[in-house]
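Taking it in order: structure first as structure tokens, then the write-up.
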Amino acid sequence: MTLCIVGAGAMGRWFAETVSAAPALDADLTFADTDGDAARVAPAEFDDAEAVSLASGVPEADRTFDTVCLAVPIPAVEAAVADWAPRAESAMLDLSGVMGAPVAAMREHLPDRERASLHPLFAPPRAPGNVALVADSVGSTLSPLLDAVREAGNDLFETTPEEHDEAMTTVQAKSHAAVLAWTLAGDDVREEFHTPVSAGLSDLAETVTEGDARVYADIQERFGGAEAVAEAAREVADGDREAFAELYERAAAARLEGER
């Protein structure tokens, strides 16, 4: 199988490592990236991998591949589907982190080819983990790639584009906003003072702030949620003891409902 990974960043390289480690999958890897340095550096990590040059984000006209994997930022994925559809002979999948837009674009531009959307719900250094999957049209080309992800210890679970994107508002956008707000509002204290709650939040703040600000901004822009977090914080700040107790009970009830 010839496999072109568009986007030579951390997620694109994670997918390349995962595919390369599968003993039964013989994939000829090619990397493409608008960042020429990234496209040249990534192939050096893999035997016989190569780079394909891009002109203003558009692939070379004479290159095609069995499968194209899009590991591009959220704002770029719809255009990337359209640009790369003619280069995907059999299949396309994306790792952008949003599902509604790329799945719709792939249905439009690749109606007769295999299509899937994957969202690893972790940063590559923390692999393996849960991977959301929309298996929109999966056959003999994409199945071995999905098997490789499973064989690497990841738990693939199927969802719909709508369910995934709705969930990301809570598990990503609202969560990131809440952790960043706590970090910005908090004061520096000696480590001995930390409670289990504040220590946990401090660990979460470290996880969030060690990433790429542009990626987190893309998530906020696409999924929203920060306003809801701010509104809830304002309710807590403005409420008297009785109102606070009511909010506390509502939060406890919501947590129990979420565990069911």
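Ligands are numbered from 1 in the order shown, residues from 1 within each chain, and chains are lettered A, B, ... in the order they appear in the structure tokens.
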*DSSP helix (DSSP H, G or I) selection over region 21-114 of chain A, as a ChimeraX atom specification*: /A:36-45,74-87,100-109
For the selection you just gave me, I'd like the residues written to a file as an mmCIF file, in the first residue's frame, keeping N, CA and C atoms.
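Here's the written file selection_22.cif:
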data_model
loop_
_atom_site.group_PDB
_atom_site.id
_atom_site.type_symbol
_atom_site.label_atom_id
_atom_site.label_comp_id
_atom_site.auth_asym_id
_atom_site.auth_seq_id
_atom_site.Cartn_x
_atom_site.Cartn_y
_atom_site.Cartn_z
ATOM 1 N N GLY A 36 8.079 22.971 4.609
ATOM 2 C CA GLY A 36 9.050 22.145 3.895
ATOM 3 C C GLY A 36 10.023 21.435 4.805
ATOM 4 N N ASP A 37 10.456 22.095 5.871
ATOM 5 C CA ASP A 37 11.387 21.462 6.799
ATOM 6 C C ASP A 37 10.756 20.257 7.467
ATOM 7 N N ALA A 38 9.504 20.398 7.914
ATOM 8 C CA ALA A 38 8.816 19.280 8.562
ATOM 9 C C ALA A 38 8.662 18.106 7.606
ATOM 10 N N ALA A 39 8.319 18.396 6.362
ATOM 11 C CA ALA A 39 8.140 17.333 5.377
ATOM 12 C C ALA A 39 9.447 16.603 5.092
ATOM 13 N N ARG A 40 10.559 17.311 5.190
ATOM 14 C CA ARG A 40 11.847 16.672 4.938
ATOM 15 C C ARG A 40 12.356 15.910 6.160
ATOM 16 N N VAL A 41 12.081 16.415 7.351
ATOM 17 C CA VAL A 41 12.591 15.786 8.572
ATOM 18 C C VAL A 41 11.842 14.503 8.893
ATOM 19 N N ALA A 42 10.522 14.488 8.755
ATOM 20 C CA ALA A 42 9.720 13.323 9.139
ATOM 21 C C ALA A 42 10.154 12.039 8.435
ATOM 22 N N PRO A 43 10.395 12.039 7.112
ATOM 23 C CA PRO A 43 10.766 10.781 6.457
ATOM 24 C C PRO A 43 12.049 10.169 7.006
ATOM 25 N N ALA A 44 12.919 10.993 7.592
ATOM 26 C CA ALA A 44 14.176 10.463 8.118
ATOM 27 C C ALA A 44 13.952 9.512 9.288
ATOM 28 N N GLU A 45 12.768 9.575 9.914
ATOM 29 C CA GLU A 45 12.462 8.712 11.051
ATOM 30 C C GLU A 45 11.984 7.331 10.611
ATOM 31 N N ILE A 74 -7.548 21.682 12.217
ATOM 32 C CA ILE A 74 -8.994 21.710 12.017
ATOM 33 C C ILE A 74 -9.424 22.712 10.942
ATOM 34 N N PRO A 75 -8.916 23.955 10.946
ATOM 35 C CA PRO A 75 -9.406 24.908 9.945
ATOM 36 C C PRO A 75 -9.043 24.543 8.509
ATOM 37 N N ALA A 76 -8.053 23.650 8.327
ATOM 38 C CA ALA A 76 -7.571 23.337 6.982
ATOM 39 C C ALA A 76 -8.158 22.060 6.403
ATOM 40 N N VAL A 77 -8.928 21.300 7.204
ATOM 41 C CA VAL A 77 -9.244 19.940 6.776
ATOM 42 C C VAL A 77 -10.201 19.894 5.595
ATOM 43 N N GLU A 78 -11.194 20.769 5.542
ATOM 44 C CA GLU A 78 -12.144 20.701 4.433
ATOM 45 C C GLU A 78 -11.471 20.995 3.091
ATOM 46 N N ALA A 79 -10.632 22.009 3.064
ATOM 47 C CA ALA A 79 -9.895 22.320 1.837
ATOM 48 C C ALA A 79 -8.937 21.195 1.481
ATOM 49 N N ALA A 80 -8.323 20.577 2.498
ATOM 50 C CA ALA A 80 -7.386 19.485 2.238
ATOM 51 C C ALA A 80 -8.098 18.285 1.614
ATOM 52 N N VAL A 81 -9.307 18.008 2.053
ATOM 53 C CA VAL A 81 -10.080 16.906 1.445
ATOM 54 C C VAL A 81 -10.269 17.169 -0.041
ATOM 55 N N ALA A 82 -10.695 18.369 -0.383
ATOM 56 C CA ALA A 82 -10.930 18.702 -1.789
ATOM 57 C C ALA A 82 -9.634 18.645 -2.594
ATOM 58 N N ASP A 83 -8.538 19.168 -2.015
ATOM 59 C CA ASP A 83 -7.259 19.202 -2.728
ATOM 60 C C ASP A 83 -6.689 17.811 -2.966
ATOM 61 N N TRP A 84 -6.849 16.928 -1.980
ATOM 62 C CA TRP A 84 -6.193 15.630 -2.036
ATOM 63 C C TRP A 84 -7.089 14.512 -2.553
ATOM 64 N N ALA A 85 -8.381 14.743 -2.687
ATOM 65 C CA ALA A 85 -9.270 13.690 -3.193
ATOM 66 C C ALA A 85 -8.806 13.111 -4.528
ATOM 67 N N PRO A 86 -8.350 13.929 -5.482
ATOM 68 C CA PRO A 86 -7.899 13.340 -6.750
ATOM 69 C C PRO A 86 -6.640 12.489 -6.620
ATOM 70 N N ARG A 87 -5.922 12.616 -5.480
ATOM 71 C CA ARG A 87 -4.674 11.856 -5.290
ATOM 72 C C ARG A 87 -4.911 10.552 -4.537
ATOM 73 N N GLY A 100 -17.501 16.175 11.720
ATOM 74 C CA GLY A 100 -18.613 16.550 10.855
ATOM 75 C C GLY A 100 -18.158 17.101 9.524
ATOM 76 N N ALA A 101 -17.268 18.071 9.548
ATOM 77 C CA ALA A 101 -16.831 18.730 8.316
ATOM 78 C C ALA A 101 -16.046 17.805 7.388
ATOM 79 N N PRO A 102 -15.018 17.081 7.888
ATOM 80 C CA PRO A 102 -14.273 16.235 6.957
ATOM 81 C C PRO A 102 -15.071 15.056 6.416
ATOM 82 N N VAL A 103 -15.949 14.471 7.241
ATOM 83 C CA VAL A 103 -16.757 13.355 6.741
ATOM 84 C C VAL A 103 -17.693 13.840 5.630
ATOM 85 N N ALA A 104 -18.312 15.000 5.833
ATOM 86 C CA ALA A 104 -19.181 15.549 4.790
ATOM 87 C C ALA A 104 -18.385 15.851 3.526
ATOM 88 N N ALA A 105 -17.186 16.406 3.691
ATOM 89 C CA ALA A 105 -16.355 16.733 2.527
ATOM 90 C C ALA A 105 -15.904 15.473 1.806
ATOM 91 N N MET A 106 -15.541 14.436 2.551
ATOM 92 C CA MET A 106 -15.124 13.190 1.905
ATOM 93 C C MET A 106 -16.283 12.529 1.165
ATOM 94 N N ARG A 107 -17.485 12.599 1.742
ATOM 95 C CA ARG A 107 -18.645 12.051 1.035
ATOM 96 C C ARG A 107 -18.869 12.782 -0.290
ATOM 97 N N GLU A 108 -18.625 14.077 -0.279
ATOM 98 C CA GLU A 108 -18.816 14.869 -1.503
ATOM 99 C C GLU A 108 -17.740 14.591 -2.541
ATOM 100 N N HIS A 109 -16.483 14.547 -2.116
ATOM 101 C CA HIS A 109 -15.367 14.488 -3.060
ATOM 102 C C HIS A 109 -14.875 13.072 -3.349
#
Close residues, region 211-225 of chain A itself excluded, 10 Å, only C-alpha atoms, min 2 positions apart in chain, as a CSV table (one decimal) with N, CA and C atoms, in the first residue's frame:
chain,number,residue,atom,x,y,z
A,73,PRO,N,-4.4,20.7,10.6
A,73,PRO,CA,-5.2,21.5,11.6
A,73,PRO,C,-6.7,21.5,11.2
A,74,ILE,N,-7.5,21.7,12.2
A,74,ILE,CA,-9.0,21.7,12.0
A,74,ILE,C,-9.4,22.7,10.9
A,75,PRO,N,-8.9,24.0,10.9
A,75,PRO,CA,-9.4,24.9,9.9
A,75,PRO,C,-9.0,24.5,8.5
A,97,GLY,N,-9.4,15.9,14.2
A,97,GLY,CA,-9.9,16.2,15.5
A,97,GLY,C,-11.4,16.7,15.5
A,98,VAL,N,-11.8,17.0,14.3
A,98,VAL,CA,-13.2,17.3,14.1
A,98,VAL,C,-13.8,16.3,13.1
A,123,ALA,N,-2.6,13.0,23.4
A,123,ALA,CA,-1.5,13.5,22.7
A,123,ALA,C,-0.6,12.3,22.4
A,165,ASP,N,-18.7,15.5,17.6
A,165,ASP,CA,-18.5,16.9,17.6
A,165,ASP,C,-19.2,17.5,18.8
A,166,GLU,N,-20.4,17.0,19.1
A,166,GLU,CA,-21.1,17.5,20.3
A,166,GLU,C,-20.3,17.1,21.6
A,167,ALA,N,-19.7,15.9,21.7
A,167,ALA,CA,-19.0,15.5,22.8
A,167,ALA,C,-17.7,16.4,23.0
A,168,MET,N,-17.1,16.8,21.9
A,168,MET,CA,-15.9,17.6,22.0
A,168,MET,C,-16.1,18.9,22.6
A,169,THR,N,-17.3,19.5,22.6
A,169,THR,CA,-17.6,20.7,23.2
A,169,THR,C,-17.3,20.6,24.7
A,170,THR,N,-17.7,19.4,25.3
A,170,THR,CA,-17.5,19.2,26.7
A,170,THR,C,-16.1,18.7,27.0
A,171,VAL,N,-15.7,17.6,26.4
A,171,VAL,CA,-14.5,16.9,26.8
A,171,VAL,C,-13.2,17.7,26.4
A,172,GLN,N,-13.3,18.6,25.4
A,172,GLN,CA,-12.2,19.4,25.0
A,172,GLN,C,-12.4,20.8,25.3
A,173,ALA,N,-13.3,21.5,24.6
A,173,ALA,CA,-13.4,23.0,24.6
A,173,ALA,C,-13.7,23.5,26.0
A,174,LYS,N,-14.7,22.9,26.7
A,174,LYS,CA,-15.1,23.4,28.0
A,174,LYS,C,-14.0,23.0,29.0
A,175,SER,N,-13.5,21.8,28.9
A,175,SER,CA,-12.5,21.3,29.8
A,175,SER,C,-11.2,22.2,29.7
A,176,HIS,N,-10.8,22.5,28.5
A,176,HIS,CA,-9.6,23.3,28.4
A,176,HIS,C,-9.8,24.7,28.9
A,177,ALA,N,-11.0,25.3,28.7
A,177,ALA,CA,-11.3,26.6,29.1
A,177,ALA,C,-11.3,26.6,30.7
A,178,ALA,N,-11.9,25.6,31.3
A,178,ALA,CA,-12.0,25.6,32.8
A,178,ALA,C,-10.6,25.5,33.4
A,206,GLU,N,-0.7,21.5,33.7
A,206,GLU,CA,0.6,21.2,33.1
A,206,GLU,C,0.4,20.5,31.8
A,207,THR,N,-0.6,19.6,31.8
A,207,THR,CA,-0.9,18.8,30.5
A,207,THR,C,-1.4,19.8,29.4
A,208,VAL,N,-2.3,20.7,29.8
A,208,VAL,CA,-2.9,21.6,28.8
A,208,VAL,C,-1.8,22.6,28.3
A,209,THR,N,-1.0,23.1,29.2
A,209,THR,CA,-0.2,24.2,28.7
A,209,THR,C,1.1,23.7,28.1
A,227,GLU,N,-17.8,30.2,26.9
A,227,GLU,CA,-18.9,31.1,27.4
A,227,GLU,C,-19.7,30.4,28.5
A,228,ALA,N,-20.0,29.1,28.2
A,228,ALA,CA,-20.8,28.3,29.2
A,228,ALA,C,-20.0,28.1,30.5
A,229,VAL,N,-18.7,27.9,30.4
A,229,VAL,CA,-17.9,27.8,31.6
A,229,VAL,C,-17.8,29.1,32.3
A,230,ALA,N,-17.7,30.2,31.6
A,230,ALA,CA,-17.7,31.6,32.2
A,230,ALA,C,-19.0,31.9,32.9
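Taking only region 29-58 of chain A, the residues that DSSP calls strand (DSSP E) from the backbone come to Leu29, Thr30, Phe31, Ala32, Glu50, Ala51, Val52, Leu54, Ala55 and Val58 of chain A.
Residue nearest Thr18 (chain A), chosen from A:Ala232, A:Val197, A:Ala127, A:Leu142 and counting only C-alpha atoms: A:Ala127.
Distances to Trp14 (chain A) were evaluated for A:Asp26, A:Ala88, A:Ala199, A:Leu95 using only C-alpha atoms, and the minimum falls at A:Leu95.
Restricting the calculation to only C-alpha atoms, the smallest distance between Thr64 (chain A) and any of A:Asp47, A:Glu89, A:Glu192, A:Glu242 is found for A:Glu89.
The smallest atom-to-atom distance between Asp33 (chain A) and any of A:Cys69, A:Ala21, A:Met92, A:Met1, using only C-alpha atoms, is found for A:Cys69.
Counting from CA of Ala10 (chain A), the distance to CA of Arg115 (chain A) is 22.1 Å.
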*asked:* For Phe157 (chain A), find every residue with an atom within 10 Å (counting only C-alpha atoms), except residues of its own chain fewer than 5 positions away, and show them as a ChimeraX atom specification.
replied: /A:118,130-135
Those selected residues, please, written with N, CA, C and O atoms and delivered as a CSV table (one decimal), in the first residue's frame.
chain,number,residue,atom,x,y,z
A,118,LEU,N,-10.7,9.4,12.1
A,118,LEU,CA,-10.2,9.0,13.4
A,118,LEU,C,-9.9,10.2,14.3
A,118,LEU,O,-9.4,11.2,13.8
A,130,ASN,N,-7.8,5.8,23.9
A,130,ASN,CA,-9.1,5.7,23.1
A,130,ASN,C,-9.0,6.5,21.8
A,130,ASN,O,-8.5,7.6,21.8
A,131,VAL,N,-9.6,5.9,20.8
A,131,VAL,CA,-9.6,6.5,19.5
A,131,VAL,C,-11.0,6.5,18.9
A,131,VAL,O,-11.6,5.4,18.7
A,132,ALA,N,-11.7,7.6,18.8
A,132,ALA,CA,-13.0,7.7,18.2
A,132,ALA,C,-12.9,7.4,16.7
A,132,ALA,O,-12.0,7.8,16.0
A,133,LEU,N,-13.9,6.7,16.2
A,133,LEU,CA,-13.9,6.2,14.8
A,133,LEU,C,-15.2,6.4,14.1
A,133,LEU,O,-16.2,6.0,14.7
A,134,VAL,N,-15.2,7.1,13.0
A,134,VAL,CA,-16.4,7.1,12.1
A,134,VAL,C,-15.9,6.3,10.9
A,134,VAL,O,-15.1,6.7,10.0
A,135,ALA,N,-16.4,5.0,10.8
A,135,ALA,CA,-16.1,4.1,9.7
A,135,ALA,C,-17.1,4.4,8.6
A,135,ALA,O,-18.1,3.6,8.4
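Atom to atom, CA of Met99 (chain A) and CA of Arg150 (chain A) stand 19.7 Å apart.
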*Between A:Glu210, A:Glu163, A:Leu247, A:Ser140, which has the minimum distance to Ala233 (chain A) (counting only C-alpha atoms)?*
A:Leu247
